[in-house]
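Student: Contents of work.pdb (PDB, C-alpha atoms):
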```
ATOM      1  CA  MET A 521     339.527  75.391 -42.970  1.00  0.00           C
ATOM      2  CA  VAL A 522     337.512  72.559 -44.459  1.00  0.00           C
ATOM      3  CA  TYR A 523     336.053  72.981 -47.948  1.00  0.00           C
ATOM      4  CA  ASP A 524     333.025  70.890 -48.926  1.00  0.00           C
ATOM      5  CA  ASP A 525     332.927  70.917 -52.736  1.00  0.00           C
ATOM      6  CA  LEU A 526     329.526  69.217 -52.920  1.00  0.00           C
ATOM      7  CA  ASN A 527     327.779  71.821 -50.745  1.00  0.00           C
ATOM      8  CA  LYS A 528     330.115  74.706 -51.650  1.00  0.00           C
ATOM      9  CA  THR A 529     330.824  75.515 -48.024  1.00  0.00           C
ATOM     10  CA  ILE A 530     333.881  76.334 -45.977  1.00  0.00           C
ATOM     11  CA  THR A 531     333.950  75.691 -42.255  1.00  0.00           C
ATOM     12  CA  THR A 532     336.321  77.172 -39.715  1.00  0.00           C
ATOM     13  CA  GLU A 533     336.450  77.022 -35.941  1.00  0.00           C
ATOM     14  CA  ARG A 534     333.535  79.465 -35.501  1.00  0.00           C
ATOM     15  CA  LEU A 535     332.221  80.126 -38.993  1.00  0.00           C
ATOM     16  CA  LEU A 536     330.374  78.584 -41.890  1.00  0.00           C
ATOM     17  CA  LEU A 537     330.977  80.230 -45.253  1.00  0.00           C
ATOM     18  CA  ARG A 538     328.180  79.318 -47.637  1.00  0.00           C
ATOM     19  CA  LEU A 539     326.522  80.597 -50.782  1.00  0.00           C
ATOM     20  CA  PHE A 540     323.883  83.257 -50.325  1.00  0.00           C
ATOM     21  CA  THR A 541     320.230  82.489 -51.023  1.00  0.00           C
ATOM     22  CA  LYS A 542     317.299  84.801 -51.706  1.00  0.00           C
ATOM     23  CA  ALA A 543     316.195  84.159 -48.124  1.00  0.00           C
ATOM     24  CA  ASP A 544     319.270  86.142 -47.008  1.00  0.00           C
ATOM     25  CA  GLY A 545     318.038  89.262 -48.804  1.00  0.00           C
ATOM     26  CA  GLU A 546     316.400  90.949 -45.826  1.00  0.00           C
ATOM     27  CA  THR A 547     319.375  90.355 -43.527  1.00  0.00           C
ATOM     28  CA  VAL A 548     321.825  91.565 -46.177  1.00  0.00           C
ATOM     29  CA  THR A 549     319.665  94.673 -46.639  1.00  0.00           C
ATOM     30  CA  ARG A 550     319.585  95.375 -42.902  1.00  0.00           C
ATOM     31  CA  LEU A 551     323.358  94.944 -42.537  1.00  0.00           C
ATOM     32  CA  CYS A 552     324.345  96.850 -45.687  1.00  0.00           C
ATOM     33  CA  ASN A 553     321.935  99.741 -45.242  1.00  0.00           C
ATOM     34  CA  ASP A 554     324.431 101.243 -42.825  1.00  0.00           C
ATOM     35  CA  TYR A 555     326.353 104.392 -43.635  1.00  0.00           C
ATOM     36  CA  ASN A 556     329.465 103.073 -41.868  1.00  0.00           C
ATOM     37  CA  ILE A 557     329.543 100.030 -44.187  1.00  0.00           C
ATOM     38  CA  TYR A 558     328.897 102.181 -47.254  1.00  0.00           C
ATOM     39  CA  LYS A 559     331.671 104.688 -46.525  1.00  0.00           C
ATOM     40  CA  SER A 560     334.251 101.889 -46.214  1.00  0.00           C
ATOM     41  CA  THR A 561     333.373 100.055 -49.429  1.00  0.00           C
ATOM     42  CA  LEU A 562     334.087 100.951 -53.015  1.00  0.00           C
ATOM     43  CA  THR A 563     330.907  99.934 -54.836  1.00  0.00           C
ATOM     44  CA  LEU A 564     328.175  99.284 -52.247  1.00  0.00           C
ATOM     45  CA  PRO A 565     325.163 101.560 -52.874  1.00  0.00           C
ATOM     46  CA  TYR A 566     323.509 103.635 -50.145  1.00  0.00           C
ATOM     47  CA  PRO A 567     320.752 103.557 -49.210  1.00  0.00           C
ATOM     48  CA  TYR A 568     320.829  99.796 -49.665  1.00  0.00           C
ATOM     49  CA  THR A 569     317.473  98.267 -50.583  1.00  0.00           C
ATOM     50  CA  LEU A 570     316.080  94.746 -50.759  1.00  0.00           C
ATOM     51  CA  ASP A 571     316.270  95.026 -54.568  1.00  0.00           C
ATOM     52  CA  CYS A 572     320.009  95.754 -54.241  1.00  0.00           C
ATOM     53  CA  ALA A 573     320.474  92.630 -52.138  1.00  0.00           C
ATOM     54  CA  LEU A 574     318.422  90.353 -54.373  1.00  0.00           C
ATOM     55  CA  SER A 575     320.052  91.537 -57.606  1.00  0.00           C
ATOM     56  CA  TRP A 576     323.484  91.071 -56.007  1.00  0.00           C
ATOM     57  CA  ILE A 577     322.662  87.538 -54.784  1.00  0.00           C
ATOM     58  CA  GLU A 578     320.995  86.516 -58.059  1.00  0.00           C
ATOM     59  CA  HIS A 579     324.187  85.625 -59.947  1.00  0.00           C
ATOM     60  CA  HIS A 580     326.343  84.218 -57.131  1.00  0.00           C
ATOM     61  CA  ASN A 581     325.754  80.543 -57.909  1.00  0.00           C
ATOM     62  CA  GLU A 582     326.240  81.045 -61.651  1.00  0.00           C
ATOM     63  CA  ASN A 583     329.484  83.004 -61.068  1.00  0.00           C
ATOM     64  CA  PHE A 584     330.726  80.358 -58.621  1.00  0.00           C
ATOM     65  CA  ASN A 585     330.066  77.527 -61.081  1.00  0.00           C
ATOM     66  CA  ALA A 586     331.770  79.488 -63.883  1.00  0.00           C
ATOM     67  CA  ASP A 587     334.841  80.068 -61.670  1.00  0.00           C
ATOM     68  CA  LYS A 588     334.463  83.843 -62.014  1.00  0.00           C
ATOM     69  CA  ILE A 589     333.993  84.874 -58.402  1.00  0.00           C
ATOM     70  CA  TYR A 590     333.368  82.959 -55.192  1.00  0.00           C
ATOM     71  CA  GLU A 591     330.994  84.879 -52.904  1.00  0.00           C
ATOM     72  CA  PHE A 592     330.166  83.457 -49.505  1.00  0.00           C
ATOM     73  CA  ALA A 593     327.922  84.473 -46.642  1.00  0.00           C
ATOM     74  CA  ILE A 594     329.880  84.663 -43.388  1.00  0.00           C
ATOM     75  CA  CYS A 595     327.708  82.822 -40.865  1.00  0.00           C
ATOM     76  CA  ASP A 596     327.942  81.574 -37.309  1.00  0.00           C
ATOM     77  CA  ARG A 597     328.787  77.878 -37.503  1.00  0.00           C
ATOM     78  CA  GLU A 598     326.368  76.956 -34.706  1.00  0.00           C
ATOM     79  CA  THR A 599     323.421  79.334 -35.114  1.00  0.00           C
ATOM     80  CA  GLY A 600     323.628  80.135 -38.820  1.00  0.00           C
ATOM     81  CA  ASP A 601     323.370  83.883 -38.089  1.00  0.00           C
ATOM     82  CA  LEU A 602     324.611  85.946 -41.023  1.00  0.00           C
ATOM     83  CA  TYR A 603     327.476  88.320 -40.160  1.00  0.00           C
ATOM     84  CA  GLY A 604     328.633  89.537 -43.566  1.00  0.00           C
ATOM     85  CA  ALA A 605     330.119  88.520 -46.897  1.00  0.00           C
ATOM     86  CA  ILE A 606     333.476  87.537 -48.303  1.00  0.00           C
ATOM     87  CA  ALA A 607     334.456  87.128 -51.933  1.00  0.00           C
ATOM     88  CA  LEU A 608     337.384  86.019 -54.023  1.00  0.00           C
ATOM     89  CA  SER A 609     337.629  86.932 -57.683  1.00  0.00           C
ATOM     90  CA  ASN A 610     339.264  84.517 -60.109  1.00  0.00           C
ATOM     91  CA  GLN A 611     341.566  85.976 -62.712  1.00  0.00           C
ATOM     92  CA  GLN A 612     342.485  82.691 -64.356  1.00  0.00           C
ATOM     93  CA  ARG A 613     344.814  84.294 -66.872  1.00  0.00           C
ATOM     94  CA  TYR A 614     347.094  85.435 -64.043  1.00  0.00           C
ATOM     95  CA  ASP A 615     346.391  82.717 -61.438  1.00  0.00           C
ATOM     96  CA  ASN A 616     345.346  85.351 -58.931  1.00  0.00           C
ATOM     97  CA  GLY A 617     342.344  87.021 -57.412  1.00  0.00           C
ATOM     98  CA  GLU A 618     341.162  89.813 -55.181  1.00  0.00           C
ATOM     99  CA  LEU A 619     339.851  89.178 -51.693  1.00  0.00           C
ATOM    100  CA  SER A 620     337.058  91.485 -50.546  1.00  0.00           C
ATOM    101  CA  TYR A 621     334.640  91.450 -47.644  1.00  0.00           C
ATOM    102  CA  TRP A 622     332.265  93.343 -45.412  1.00  0.00           C
ATOM    103  CA  VAL A 623     330.942  92.525 -41.960  1.00  0.00           C
ATOM    104  CA  GLY A 624     327.835  94.072 -40.408  1.00  0.00           C
ATOM    105  CA  GLN A 625     328.595  96.685 -37.774  1.00  0.00           C
ATOM    106  CA  PRO A 626     327.058  94.691 -34.865  1.00  0.00           C
ATOM    107  CA  PHE A 627     329.748  92.047 -35.513  1.00  0.00           C
ATOM    108  CA  TRP A 628     332.818  94.284 -35.779  1.00  0.00           C
ATOM    109  CA  GLY A 629     335.769  93.604 -33.514  1.00  0.00           C
ATOM    110  CA  LYS A 630     335.037  89.908 -32.962  1.00  0.00           C
ATOM    111  CA  GLY A 631     337.597  88.506 -35.425  1.00  0.00           C
ATOM    112  CA  TYR A 632     335.018  87.223 -37.935  1.00  0.00           C
ATOM    113  CA  ALA A 633     336.520  89.097 -40.899  1.00  0.00           C
ATOM    114  CA  THR A 634     340.001  87.799 -40.071  1.00  0.00           C
ATOM    115  CA  GLU A 635     338.816  84.208 -39.634  1.00  0.00           C
ATOM    116  CA  ALA A 636     336.821  84.302 -42.873  1.00  0.00           C
ATOM    117  CA  ALA A 637     339.670  85.997 -44.777  1.00  0.00           C
ATOM    118  CA  LYS A 638     342.174  83.383 -43.600  1.00  0.00           C
ATOM    119  CA  ALA A 639     339.807  80.621 -44.734  1.00  0.00           C
ATOM    120  CA  MET A 640     339.433  82.260 -48.155  1.00  0.00           C
ATOM    121  CA  LEU A 641     343.194  82.557 -48.484  1.00  0.00           C
ATOM    122  CA  ASP A 642     343.499  78.823 -47.766  1.00  0.00           C
ATOM    123  CA  PHE A 643     340.675  78.171 -50.266  1.00  0.00           C
ATOM    124  CA  ALA A 644     342.510  80.214 -52.906  1.00  0.00           C
ATOM    125  CA  PHE A 645     345.857  78.503 -52.458  1.00  0.00           C
ATOM    126  CA  ASP A 646     344.940  74.961 -51.402  1.00  0.00           C
ATOM    127  CA  VAL A 647     341.723  74.358 -53.369  1.00  0.00           C
ATOM    128  CA  LYS A 648     341.862  76.722 -56.348  1.00  0.00           C
ATOM    129  CA  LYS A 649     345.681  76.707 -56.660  1.00  0.00           C
ATOM    130  CA  TYR A 650     346.108  80.474 -57.073  1.00  0.00           C
ATOM    131  CA  HIS A 651     349.610  81.865 -57.301  1.00  0.00           C
ATOM    132  CA  LYS A 652     348.695  85.167 -55.601  1.00  0.00           C
ATOM    133  CA  VAL A 653     345.868  86.821 -53.676  1.00  0.00           C
ATOM    134  CA  TYR A 654     345.600  90.571 -53.198  1.00  0.00           C
ATOM    135  CA  ALA A 655     343.305  92.967 -51.384  1.00  0.00           C
ATOM    136  CA  ARG A 656     342.855  96.706 -51.154  1.00  0.00           C
ATOM    137  CA  HIS A 657     341.281  99.090 -48.686  1.00  0.00           C
ATOM    138  CA  PHE A 658     340.692 102.789 -48.234  1.00  0.00           C
ATOM    139  CA  ALA A 659     343.368 104.550 -46.201  1.00  0.00           C
ATOM    140  CA  SER A 660     340.444 105.900 -44.156  1.00  0.00           C
ATOM    141  CA  ASN A 661     339.603 102.313 -43.101  1.00  0.00           C
ATOM    142  CA  PRO A 662     342.681 101.075 -41.217  1.00  0.00           C
ATOM    143  CA  ALA A 663     340.677  98.273 -39.523  1.00  0.00           C
ATOM    144  CA  SER A 664     340.337  96.563 -42.891  1.00  0.00           C
ATOM    145  CA  GLY A 665     344.074  96.895 -43.382  1.00  0.00           C
ATOM    146  CA  GLN A 666     344.657  95.173 -40.039  1.00  0.00           C
ATOM    147  CA  VAL A 667     342.555  92.191 -41.150  1.00  0.00           C
ATOM    148  CA  ILE A 668     344.548  91.916 -44.362  1.00  0.00           C
ATOM    149  CA  GLN A 669     347.874  92.091 -42.525  1.00  0.00           C
ATOM    150  CA  LYS A 670     346.790  89.542 -39.883  1.00  0.00           C
ATOM    151  CA  ILE A 671     346.304  86.901 -42.591  1.00  0.00           C
ATOM    152  CA  GLY A 672     349.845  87.401 -43.873  1.00  0.00           C
ATOM    153  CA  MET A 673     349.444  89.867 -46.719  1.00  0.00           C
ATOM    154  CA  ASN A 674     352.178  92.409 -47.288  1.00  0.00           C
ATOM    155  CA  LYS A 675     351.685  96.035 -48.209  1.00  0.00           C
ATOM    156  CA  GLU A 676     352.579  96.480 -51.857  1.00  0.00           C
ATOM    157  CA  GLY A 677     351.718 100.094 -52.455  1.00  0.00           C
ATOM    158  CA  VAL A 678     349.399 103.051 -52.191  1.00  0.00           C
ATOM    159  CA  LEU A 679     347.465 104.548 -55.069  1.00  0.00           C
ATOM    160  CA  ILE A 680     347.140 108.191 -54.058  1.00  0.00           C
ATOM    161  CA  ASP A 681     343.704 109.840 -54.523  1.00  0.00           C
ATOM    162  CA  HIS A 682     342.767 106.883 -56.715  1.00  0.00           C
ATOM    163  CA  VAL A 683     338.985 106.879 -56.259  1.00  0.00           C
ATOM    164  CA  LYS A 684     336.358 109.465 -55.431  1.00  0.00           C
ATOM    165  CA  LYS A 685     333.837 108.695 -52.703  1.00  0.00           C
ATOM    166  CA  GLU A 686     331.261 111.244 -51.585  1.00  0.00           C
ATOM    167  CA  GLY A 687     333.081 114.104 -53.261  1.00  0.00           C
ATOM    168  CA  ARG A 688     336.494 113.382 -51.744  1.00  0.00           C
ATOM    169  CA  TYR A 689     339.420 111.419 -53.072  1.00  0.00           C
ATOM    170  CA  GLU A 690     340.544 108.256 -51.296  1.00  0.00           C
ATOM    171  CA  ASP A 691     343.901 106.523 -51.304  1.00  0.00           C
ATOM    172  CA  LEU A 692     343.730 102.778 -52.007  1.00  0.00           C
ATOM    173  CA  ILE A 693     346.251 100.663 -50.130  1.00  0.00           C
ATOM    174  CA  TYR A 694     347.156  97.395 -51.848  1.00  0.00           C
ATOM    175  CA  HIS A 695     348.342  94.229 -50.088  1.00  0.00           C
ATOM    176  CA  GLY A 696     349.211  90.853 -51.545  1.00  0.00           C
ATOM    177  CA  VAL A 697     350.667  87.461 -50.821  1.00  0.00           C
ATOM    178  CA  VAL A 698     352.113  84.736 -53.016  1.00  0.00           C
ATOM    179  CA  ARG A 699     351.215  81.100 -52.298  1.00  0.00           C
ATOM    180  CA  ASN A 700     354.603  79.898 -51.106  1.00  0.00           C
ATOM    181  CA  LYS A 701     355.183  83.013 -48.992  1.00  0.00           C
ATOM    182  CA  VAL A 702     352.172  82.887 -46.683  1.00  0.00           C
ATOM    183  CA  LYS A 703     353.135  83.293 -43.032  1.00  0.00           C
ATOM    184  CA  LYS A 704     351.469  80.423 -41.147  1.00  0.00           C
TER     185      LYS A 704
END
```
Could you render the structure from this file as structure tokens?
Tutor:
Amino acid sequence: MVYDDLNKTITTERLLLRLFTKADGETVTRLCNDYNIYKSTLTLPYPYTLDCALSWIEHHNENFNADKIYEFAICDRETGDLYGAIALSNQQRYDNGELSYWVGQPFWGKGYATEAAKAMLDFAFDVKKYHKVYARHFASNPASGQVIQKIGMNKEGVLIDHVKKEGRYEDLIYHGVVRNKVKK
């Protein structure tokens, strides 16, 4: 992982993580307007419109500069194709933050979420000096849990029937890792 502070980008072997721009709105809309993405995320609306995308993107740069949340587009390093999004909140009071992400369905199973998540973990610990990073996923989305475990996070607990999605209750599974305990 290489972080470029001037351009606010992170590069990995295959990926470029960069800030979103308004020009990404149509691609974000196309990728997010997918029921399979919606059912696996906590707050993503469905149907997902261009207005949803643009209002979401609108405050990314401001939030990044204010050290509130770092939201990156997951892109192919060579072609620039947009695959998804990854974010890291910044809870300065506790020196920790939550890692969250989504990847468009055409790009599932290619390791992009894992590669981006590992880069964000390195960003959190090496650049932003967090003490801890955590993530959560629906029990009904074990693939997301596999990504989280592959980057070295440990299961910390399950909140039973914690949220309601489409009229049914979902368990939230929490994982976390402390800076000095990351498995390399």
Student: Could you spell out the hits of the PyMOL selection byres ((chain A and resi 533) around 12) on the shown file, as an MDAnalysis selection string?
Tutor: chainID A and resid 521:522 530:532 534:537 595:598 631:632 635:636 638:639
Student: Choose the residue, out of A:Asn583, A:Ser664, A:Asn700, A:Asn610, that has the smallest atom-to-atom separation from Ile557 (chain A); count only C-alpha atoms.
Tutor: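 The answer is A:Ser664, which sits nearest to Ile557 (chain A).
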Student: List the neighbours of region 559-562 of chain A out to 12 Å using all atoms listed in the file; skip same-chain residues closer than 6 positions along the sequence, and give me the result as a list in words.
Tutor: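 Using all atoms listed in the file, the neighbours found are Cys552, Asn553, Ser620, Tyr621, Trp622, Val623, Gly624, Gln625, Arg656, His657, Phe658, Ala659, Ser660, Asn661, Pro662, Ala663, Ser664, Gly665, His682, Val683, Lys684, Lys685, Glu686, Gly687, Arg688, Tyr689, Glu690, Asp691 and Leu692 of chain A.
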Student: Running the PyMOL selection byres ((chain A and resi 698) around 7) on this model by hand, what would come out? Give it as a list in words.
Tutor: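 Applying the PyMOL selection byres ((chain A and resi 698) around 7) to the structure shown produces His651, Lys652, Val653, Gly696, Val697, Arg699, Asn700, Lys701 and Val702 of chain A.
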Student: With the PyMOL selection byres ((chain A and resi 695) around 7) as the selection, what would be picked from this file? Answer as a PDB file with C-alpha atoms, in the frame of the given file, please.
Tutor:
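The resulting expr34.pdb:
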```pdb
ATOM      1  CA  TYR A 654     345.600  90.571 -53.198  1.00  0.00           C
ATOM      2  CA  ALA A 655     343.305  92.967 -51.384  1.00  0.00           C
ATOM      3  CA  ARG A 656     342.855  96.706 -51.154  1.00  0.00           C
ATOM      4  CA  MET A 673     349.444  89.867 -46.719  1.00  0.00           C
ATOM      5  CA  ASN A 674     352.178  92.409 -47.288  1.00  0.00           C
ATOM      6  CA  LYS A 675     351.685  96.035 -48.209  1.00  0.00           C
ATOM      7  CA  GLU A 676     352.579  96.480 -51.857  1.00  0.00           C
ATOM      8  CA  ILE A 693     346.251 100.663 -50.130  1.00  0.00           C
ATOM      9  CA  TYR A 694     347.156  97.395 -51.848  1.00  0.00           C
ATOM     10  CA  GLY A 696     349.211  90.853 -51.545  1.00  0.00           C
TER      11      GLY A 696
END
```
Student: Would you mind listing what lies within 7 Å of Phe540 (chain A) as an MDAnalysis selection string, with all atoms listed in the file counted and same-chain residues fewer than 3 positions away left out?
Tutor: chainID A and resid 544 577 592:593
Student: Can you work out the spacing between CA of Val678 (chain A) and CA of Asp587 (chain A) in Å, to one decimal?
Tutor: 28.8 Å
Student: Please measure the separation of CA of Glu591 (chain A) and CA of Ile606 (chain A), giving the value in Å to one decimal.
Tutor: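 Atom-to-atom, CA of Glu591 (chain A) to CA of Ile606 (chain A), that is 5.9 Å.
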